[in-house]
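Novice: Please read through the structure below; I'll follow up with questions.
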Amino acid sequence: MGKAVFVHKPMAFTKLSVKRQKAHLPHDETASAAELDVWTIFRALRDSHTQFGLRPSHMQTLQALLSFLKPGHGEVVFASNAEICRRVGGIDERTLRRHIDRFLALGFITRQDSPNRKRYRVRSSDGQCISYGLSLSPLFERADELLAVAQKLENMRRDCIFIRKQILTKLAHLEETNPDNVFTSTVRKALRRKLSIAEYRSLLSETESEYRLLSTAVDAPKTAFLPANDGQADRHLSKSEKEDKDIETVGNDNKPEVQTLTSVCREATAFAPKGLTTWKDVERHAETLAPMMGIHASTFDKAKIAIGPQKASCAIFIMLQLGKRIRNFGAYFHSITLGKRVHQFDPIVLLQRLANIENATA
């Protein structure tokens with residue numbers, strides 16, 4: 001007696017097409033464009049299923065229902081619940097009923113019950129037919145809606161990636177200027193989460209504001225005029241190199257009078273427990289203010305070595321006077337004392353600007 005052989009029939013993925021209503025078609029579309037692959041509609045709903053409160057298991061059930069449709073046999077599924085459960089992958093019938101009820105509530109399926117609740121089709125002699133079962137025609141009628149929702153989500157996904165790359169580029173520039181910037185580490189932690197398009201745009205706006213901080217008028221490089229010939233170019237280059245060396249040599253001597261500093265920078269002076277009459281008083285007070293402004297003590301010590309304790313102290317006083325015009329004190333302090341634009345920091349010029357602004361508004 002021979003052994004019985006059981007043949008497993010794979011799930012059928014027959015390519016079907018549905019007729020779209022002409023009202024939805026642009027005027028320049030041909031009649032053949034009215035046909036749309038049902039699996040295109042399925043993929044559109046699959047990609048946007050969360051928008052309708054559906055889970056992946058719901059989509060597996062819908063995929064099985066679509067696989068029962070055959071070309072030329074309408075849009076009604078006649079298979080029994082038991083057969084549908086087998087094709088889904090062995091789910092229980094209660095789960096199947098819950099899934100079907102969900103699609104019914106969303107308006108993607110309609111139920112056409114026979115008197116005995118069996119699913120079948122009957123035809124008359126003149127070709128008329130009555131179908132009892134699960135009709136998927138509502139799903140196909142909403143093809144335009146589903147395709148539009150899926151396209152909108154795809155556009156948002158691409159925009160999120162684009163904005164995220166912009167943020168990462170700005171963060172890289174910020175970290176080159178100040179590797180210890182607290183702002184950049186905070187943003188990178190936020191980027192680890194799945195963010196909405198509004199949250200990405202908000203982060204980009206904050207990052208751009210932080211980036212513009214390093215390109216303020218205080219730090220902006222002076223405009224250089226190109227000479228007319230090569231000889232002038234050589235002289236200009238030699239002169240620029242000499243000026244840079246001179247700045248590095250006498251930079252620590254470029255400081256204002258203590259009285260000028262304290263009279264203009266009243267915000268910092270107001271925090272002093274006693275009068276500031278000498279540079280030692282100013283330096284001690286700056287060391288106290290720096291941590292309160294988010295500037296690490298080690299960063300302040302490096303700045304004192306790089307540009308001198310008096311200029312570093314001036315930077316603290318001037319920044320506190322600028323107040324809200326500086327978004328991140330730590331990054332700003334690093335840029336004018338240890339960053340690429342350190343030689344452009346001139347306390348005397350900045351104090352004069354602040355004094356002029358106060359006189360103009362007085």
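So you can find residues: chains in the structure tokens are A, B, ... in the order shown, residues in each start at 1, and ligands are numbered from 1 in order.
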Would you mind writing down, as a PyMOL selection string, each residue of stretch 70-311 of chain A that DSSP on the backbone assigns to strand (DSSP E)?

Specialist: chain A and resi 76-77+110-112+120-123+129-135

Novice: Next, write the just-selected residues to a file, as a CSV table (one decimal), in the first residue's frame, keeping N, CA, C and O atoms as the atom set.

Specialist:
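Final output, result-v2.csv:
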chain,number,residue,atom,x,y,z
A,76,VAL,N,-16.3,39.7,-4.3
A,76,VAL,CA,-16.8,39.1,-3.1
A,76,VAL,C,-16.1,37.8,-2.8
A,76,VAL,O,-15.8,37.0,-3.7
A,77,VAL,N,-15.7,37.6,-1.5
A,77,VAL,CA,-15.0,36.4,-1.0
A,77,VAL,C,-16.0,35.5,-0.5
A,77,VAL,O,-16.9,35.8,0.4
A,110,THR,N,-17.9,45.1,3.3
A,110,THR,CA,-19.3,45.0,3.6
A,110,THR,C,-19.7,43.5,3.6
A,110,THR,O,-19.1,42.7,2.8
A,111,ARG,N,-20.6,43.2,4.5
A,111,ARG,CA,-21.0,41.8,4.6
A,111,ARG,C,-22.4,41.6,3.9
A,111,ARG,O,-23.3,42.3,4.2
A,112,GLN,N,-22.4,40.7,3.0
A,112,GLN,CA,-23.7,40.4,2.3
A,112,GLN,C,-24.1,38.9,2.7
A,112,GLN,O,-23.6,38.0,2.1
A,120,TYR,N,-22.0,32.1,-0.9
A,120,TYR,CA,-22.1,31.5,-2.2
A,120,TYR,C,-22.6,32.5,-3.2
A,120,TYR,O,-23.0,33.6,-2.9
A,121,ARG,N,-22.8,32.1,-4.5
A,121,ARG,CA,-23.3,32.9,-5.6
A,121,ARG,C,-24.3,32.1,-6.3
A,121,ARG,O,-24.1,30.9,-6.6
A,122,VAL,N,-25.4,32.8,-6.7
A,122,VAL,CA,-26.5,32.1,-7.5
A,122,VAL,C,-26.7,33.0,-8.8
A,122,VAL,O,-26.6,34.2,-8.7
A,123,ARG,N,-26.9,32.3,-9.9
A,123,ARG,CA,-27.2,33.0,-11.2
A,123,ARG,C,-28.6,32.6,-11.7
A,123,ARG,O,-29.0,31.5,-11.6
A,129,CYS,N,-27.0,37.7,-11.2
A,129,CYS,CA,-26.4,36.9,-10.1
A,129,CYS,C,-26.6,37.6,-8.7
A,129,CYS,O,-26.7,38.8,-8.7
A,130,ILE,N,-26.6,36.8,-7.7
A,130,ILE,CA,-26.6,37.3,-6.3
A,130,ILE,C,-25.5,36.7,-5.6
A,130,ILE,O,-25.3,35.5,-5.6
A,131,SER,N,-24.6,37.6,-5.0
A,131,SER,CA,-23.4,37.1,-4.3
A,131,SER,C,-23.6,37.3,-2.8
A,131,SER,O,-24.0,38.3,-2.3
A,132,TYR,N,-23.4,36.2,-2.0
A,132,TYR,CA,-23.4,36.3,-0.6
A,132,TYR,C,-22.0,36.0,0.0
A,132,TYR,O,-21.4,35.0,-0.3
A,133,GLY,N,-21.5,36.9,0.7
A,133,GLY,CA,-20.1,36.8,1.3
A,133,GLY,C,-19.6,38.1,1.8
A,133,GLY,O,-20.3,39.0,2.2
A,134,LEU,N,-18.2,38.2,1.7
A,134,LEU,CA,-17.5,39.4,2.2
A,134,LEU,C,-17.1,40.2,0.9
A,134,LEU,O,-16.3,39.8,0.2
A,135,SER,N,-17.8,41.4,0.8
A,135,SER,CA,-17.5,42.2,-0.4
A,135,SER,C,-16.3,43.2,-0.1
A,135,SER,O,-16.4,43.9,0.9

Novice: Do a neighbour search on A:Arg142 at 9 Å with only C-alpha atoms, toss out local chain neighbours closer than 5 positions, and write the hits as number ranges by chain.

Specialist: A: 41, 108, 137, 147

Novice: Near stretch 161-169 of chain A, within 9 Å and counting only C-alpha atoms, which residues show up once chain neighbours fewer than 5 positions away are dropped, as a list in words?

Specialist: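 Once the adjacent positions are removed, what remains is Met156, Leu174, Val187, Arg188, Leu191, Ile197, Tyr200, Arg201, Leu203, Leu204, Ser205, Thr207 and Glu208 of chain A.
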
Novice: Using only C-alpha atoms, pick whichever of A:Leu96, A:Ala105, A:Leu338, A:Val149 has the shortest atom-to-atom distance to A:Leu45.

Specialist: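 Closest to A:Leu45, using only C-alpha atoms: A:Val149.
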
Novice: Rank nothing, just name the residue among A:Ser114, A:Tyr211, A:Gln352, A:Asn81 nearest to A:His173, using only C-alpha atoms.

Specialist: A:Tyr211

Novice: Report, in Å to a single decimal, how far apart atom CA of A:Ile100 and atom CA of A:Ile84 are.

Specialist: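 If I compute the distance from atom CA of A:Ile84 to atom CA of A:Ile100, I get 11.0 Å.
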
Novice: Calculate how many Å separate atom CA of A:Gly107 from atom CA of A:Leu139, rounding to one decimal.

Specialist: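 Atom CA of A:Leu139 lies 7.6 Å from atom CA of A:Gly107.
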
Novice: What is the distance, in Å and to one decimal place, between atom CA of A:Val349 and atom CA of A:Val258?

Specialist: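 The value is 14.7 Å.
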
Novice: Determine the nearest neighbour of A:Ile318 from the options A:Ser57, A:Thr288, A:Gln128, A:Ser263, counting only C-alpha atoms.

Specialist: A:Ser263

Novice: Counting only C-alpha atoms, which residues of stretch 78-155 of chain A fall within 12 Å of stretch 59-72 of chain A, and what is the closest atom pair for each with its distance in Å at one decimal, ordered by chain and rising number, as a tab-separated table?

Specialist:
residue	atom	partner	partner_atom	distance
A:Phe78	CA	A:Phe68	CA	8.0
A:Ala79	CA	A:Phe68	CA	7.3
A:Ser80	CA	A:Leu65	CA	10.6
A:Asn81	CA	A:Leu65	CA	10.3
A:Glu83	CA	A:Ala64	CA	9.9
A:Ile84	CA	A:Ala64	CA	6.7
A:Cys85	CA	A:Thr61	CA	8.2
A:Arg86	CA	A:Ala64	CA	9.3
A:Arg87	CA	A:Ala64	CA	6.0
A:Val88	CA	A:Ala64	CA	5.6
A:Gly89	CA	A:Gln60	CA	8.8
A:Gly90	CA	A:Thr61	CA	10.8
A:Ile91	CA	A:Thr61	CA	9.3
A:Asp92	CA	A:Thr61	CA	11.6
A:Glu93	CA	A:Thr61	CA	11.4
A:Thr95	CA	A:Thr61	CA	9.7
A:Leu96	CA	A:Thr61	CA	7.3
A:Arg97	CA	A:Thr61	CA	10.2
A:Arg98	CA	A:Thr61	CA	10.5
A:His99	CA	A:Thr61	CA	7.1
A:Ile100	CA	A:Thr61	CA	8.2
A:Asp101	CA	A:Thr61	CA	11.7
A:Arg102	CA	A:Leu62	CA	10.9
A:Phe103	CA	A:Leu62	CA	8.7
A:Leu104	CA	A:Leu62	CA	11.7
A:Phe108	CA	A:Leu62	CA	9.8
A:Ile109	CA	A:Leu62	CA	9.7
A:Gly133	CA	A:Leu65	CA	11.1
A:Leu134	CA	A:Leu65	CA	8.7
A:Ser135	CA	A:Leu65	CA	9.8
A:Leu136	CA	A:Leu66	CA	8.1
A:Ser137	CA	A:Leu66	CA	10.9
A:Leu139	CA	A:Leu62	CA	10.3
A:Phe140	CA	A:Leu66	CA	11.0

Novice: Next, the residues of the selection above should be written as a short mmCIF file (atom, residue, chain, number, x, y, z; two decimals), in the first residue's frame with N, CA, C and O atoms.

Specialist:
data_model
loop_
_atom_site.label_atom_id
_atom_site.label_comp_id
_atom_site.auth_asym_id
_atom_site.auth_seq_id
_atom_site.Cartn_x
_atom_site.Cartn_y
_atom_site.Cartn_z
N PHE A 78 -16.02 34.23 -1.10
CA PHE A 78 -16.98 33.21 -0.73
C PHE A 78 -16.39 32.16 0.22
O PHE A 78 -17.11 31.28 0.68
N ALA A 79 -15.09 32.24 0.49
CA ALA A 79 -14.45 31.22 1.32
C ALA A 79 -15.01 31.24 2.74
O ALA A 79 -15.42 32.29 3.26
N SER A 80 -15.04 30.06 3.37
CA SER A 80 -15.52 29.94 4.75
C SER A 80 -14.48 30.51 5.72
O SER A 80 -13.30 30.71 5.37
N ASN A 81 -14.92 30.77 6.95
CA ASN A 81 -14.00 31.28 7.97
C ASN A 81 -12.84 30.31 8.20
O ASN A 81 -11.69 30.72 8.40
N GLU A 83 -11.48 28.20 6.08
CA GLU A 83 -10.54 28.26 4.98
C GLU A 83 -9.71 29.55 5.03
O GLU A 83 -8.50 29.55 4.76
N ILE A 84 -10.36 30.65 5.42
CA ILE A 84 -9.63 31.93 5.53
C ILE A 84 -8.59 31.83 6.65
O ILE A 84 -7.45 32.29 6.49
N CYS A 85 -8.95 31.21 7.77
CA CYS A 85 -8.01 31.06 8.88
C CYS A 85 -6.79 30.27 8.46
O CYS A 85 -5.66 30.60 8.83
N ARG A 86 -7.00 29.20 7.69
CA ARG A 86 -5.87 28.40 7.21
C ARG A 86 -4.96 29.22 6.31
O ARG A 86 -3.73 29.14 6.40
N ARG A 87 -5.56 30.04 5.45
CA ARG A 87 -4.74 30.81 4.52
C ARG A 87 -3.99 31.95 5.22
O ARG A 87 -2.89 32.30 4.83
N VAL A 88 -4.58 32.49 6.28
CA VAL A 88 -3.88 33.54 7.04
C VAL A 88 -2.64 32.95 7.71
O VAL A 88 -1.62 33.61 7.86
N GLY A 89 -2.76 31.71 8.14
CA GLY A 89 -1.60 31.09 8.80
C GLY A 89 -1.96 30.37 10.06
O GLY A 89 -1.11 30.18 10.94
N GLY A 90 -3.24 30.00 10.18
CA GLY A 90 -3.64 29.21 11.34
C GLY A 90 -4.17 30.01 12.50
O GLY A 90 -4.13 29.53 13.65
N ILE A 91 -4.66 31.22 12.27
CA ILE A 91 -5.23 32.00 13.37
C ILE A 91 -6.56 31.38 13.78
O ILE A 91 -7.19 30.65 13.00
N ASP A 92 -7.02 31.65 15.00
CA ASP A 92 -8.29 31.09 15.44
C ASP A 92 -9.44 31.93 14.87
O ASP A 92 -9.26 33.09 14.48
N GLU A 93 -10.62 31.33 14.85
CA GLU A 93 -11.77 31.95 14.20
C GLU A 93 -12.23 33.21 14.93
O GLU A 93 -12.72 34.15 14.32
N THR A 95 -10.32 35.42 16.37
CA THR A 95 -9.44 36.50 15.91
C THR A 95 -9.85 36.96 14.53
O THR A 95 -9.87 38.17 14.24
N LEU A 96 -10.18 36.01 13.65
CA LEU A 96 -10.62 36.37 12.30
C LEU A 96 -11.88 37.24 12.35
O LEU A 96 -11.98 38.25 11.65
N ARG A 97 -12.83 36.86 13.20
CA ARG A 97 -14.06 37.64 13.30
C ARG A 97 -13.78 39.06 13.79
O ARG A 97 -14.39 40.02 13.32
N ARG A 98 -12.85 39.18 14.74
CA ARG A 98 -12.49 40.53 15.23
C ARG A 98 -11.88 41.36 14.11
O ARG A 98 -12.17 42.55 13.97
N HIS A 99 -11.03 40.73 13.30
CA HIS A 99 -10.41 41.45 12.19
C HIS A 99 -11.45 41.90 11.17
O HIS A 99 -11.43 43.04 10.68
N ILE A 100 -12.36 41.00 10.84
CA ILE A 100 -13.40 41.34 9.87
C ILE A 100 -14.28 42.47 10.41
O ILE A 100 -14.64 43.41 9.69
N ASP A 101 -14.63 42.39 11.70
CA ASP A 101 -15.44 43.45 12.31
C ASP A 101 -14.72 44.81 12.25
O ASP A 101 -15.36 45.85 12.08
N ARG A 102 -13.41 44.77 12.38
CA ARG A 102 -12.65 46.01 12.31
C ARG A 102 -12.71 46.62 10.91
O ARG A 102 -12.90 47.82 10.75
N PHE A 103 -12.57 45.78 9.90
CA PHE A 103 -12.66 46.27 8.52
C PHE A 103 -14.07 46.74 8.19
O PHE A 103 -14.25 47.70 7.44
N LEU A 104 -15.07 46.07 8.77
CA LEU A 104 -16.45 46.51 8.58
C LEU A 104 -16.67 47.90 9.18
O LEU A 104 -17.31 48.76 8.58
N PHE A 108 -14.12 49.30 4.92
CA PHE A 108 -13.33 48.69 3.86
C PHE A 108 -13.98 47.40 3.33
O PHE A 108 -13.62 46.92 2.26
N ILE A 109 -14.88 46.84 4.10
CA ILE A 109 -15.56 45.59 3.74
C ILE A 109 -17.05 45.75 4.06
O ILE A 109 -17.41 46.42 5.03
N GLY A 133 -21.46 36.93 0.74
CA GLY A 133 -20.11 36.77 1.26
C GLY A 133 -19.56 38.10 1.77
O GLY A 133 -20.30 38.99 2.17
N LEU A 134 -18.23 38.23 1.73
CA LEU A 134 -17.54 39.44 2.17
C LEU A 134 -17.13 40.24 0.94
O LEU A 134 -16.27 39.82 0.18
N SER A 135 -17.76 41.39 0.76
CA SER A 135 -17.48 42.21 -0.42
C SER A 135 -16.34 43.18 -0.12
O SER A 135 -16.37 43.93 0.87
N LEU A 136 -15.32 43.17 -1.00
CA LEU A 136 -14.18 44.08 -0.88
C LEU A 136 -14.31 45.30 -1.78
O LEU A 136 -13.37 46.09 -1.89
N SER A 137 -15.47 45.48 -2.39
CA SER A 137 -15.64 46.62 -3.29
C SER A 137 -15.45 47.97 -2.60
O SER A 137 -14.91 48.91 -3.20
N LEU A 139 -13.29 48.77 -0.40
CA LEU A 139 -11.84 49.00 -0.35
C LEU A 139 -11.35 49.56 -1.68
O LEU A 139 -10.57 50.52 -1.72
N PHE A 140 -11.83 48.98 -2.78
CA PHE A 140 -11.38 49.42 -4.10
C PHE A 140 -11.93 50.80 -4.44
O PHE A 140 -11.28 51.58 -5.12
#

Novice: Smallest atom-to-atom distance to A:Arg284: which of A:Ser313, A:Thr269, A:Ser298, A:Asn181, using only C-alpha atoms?

Specialist: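 Closest candidate: A:Ser313.
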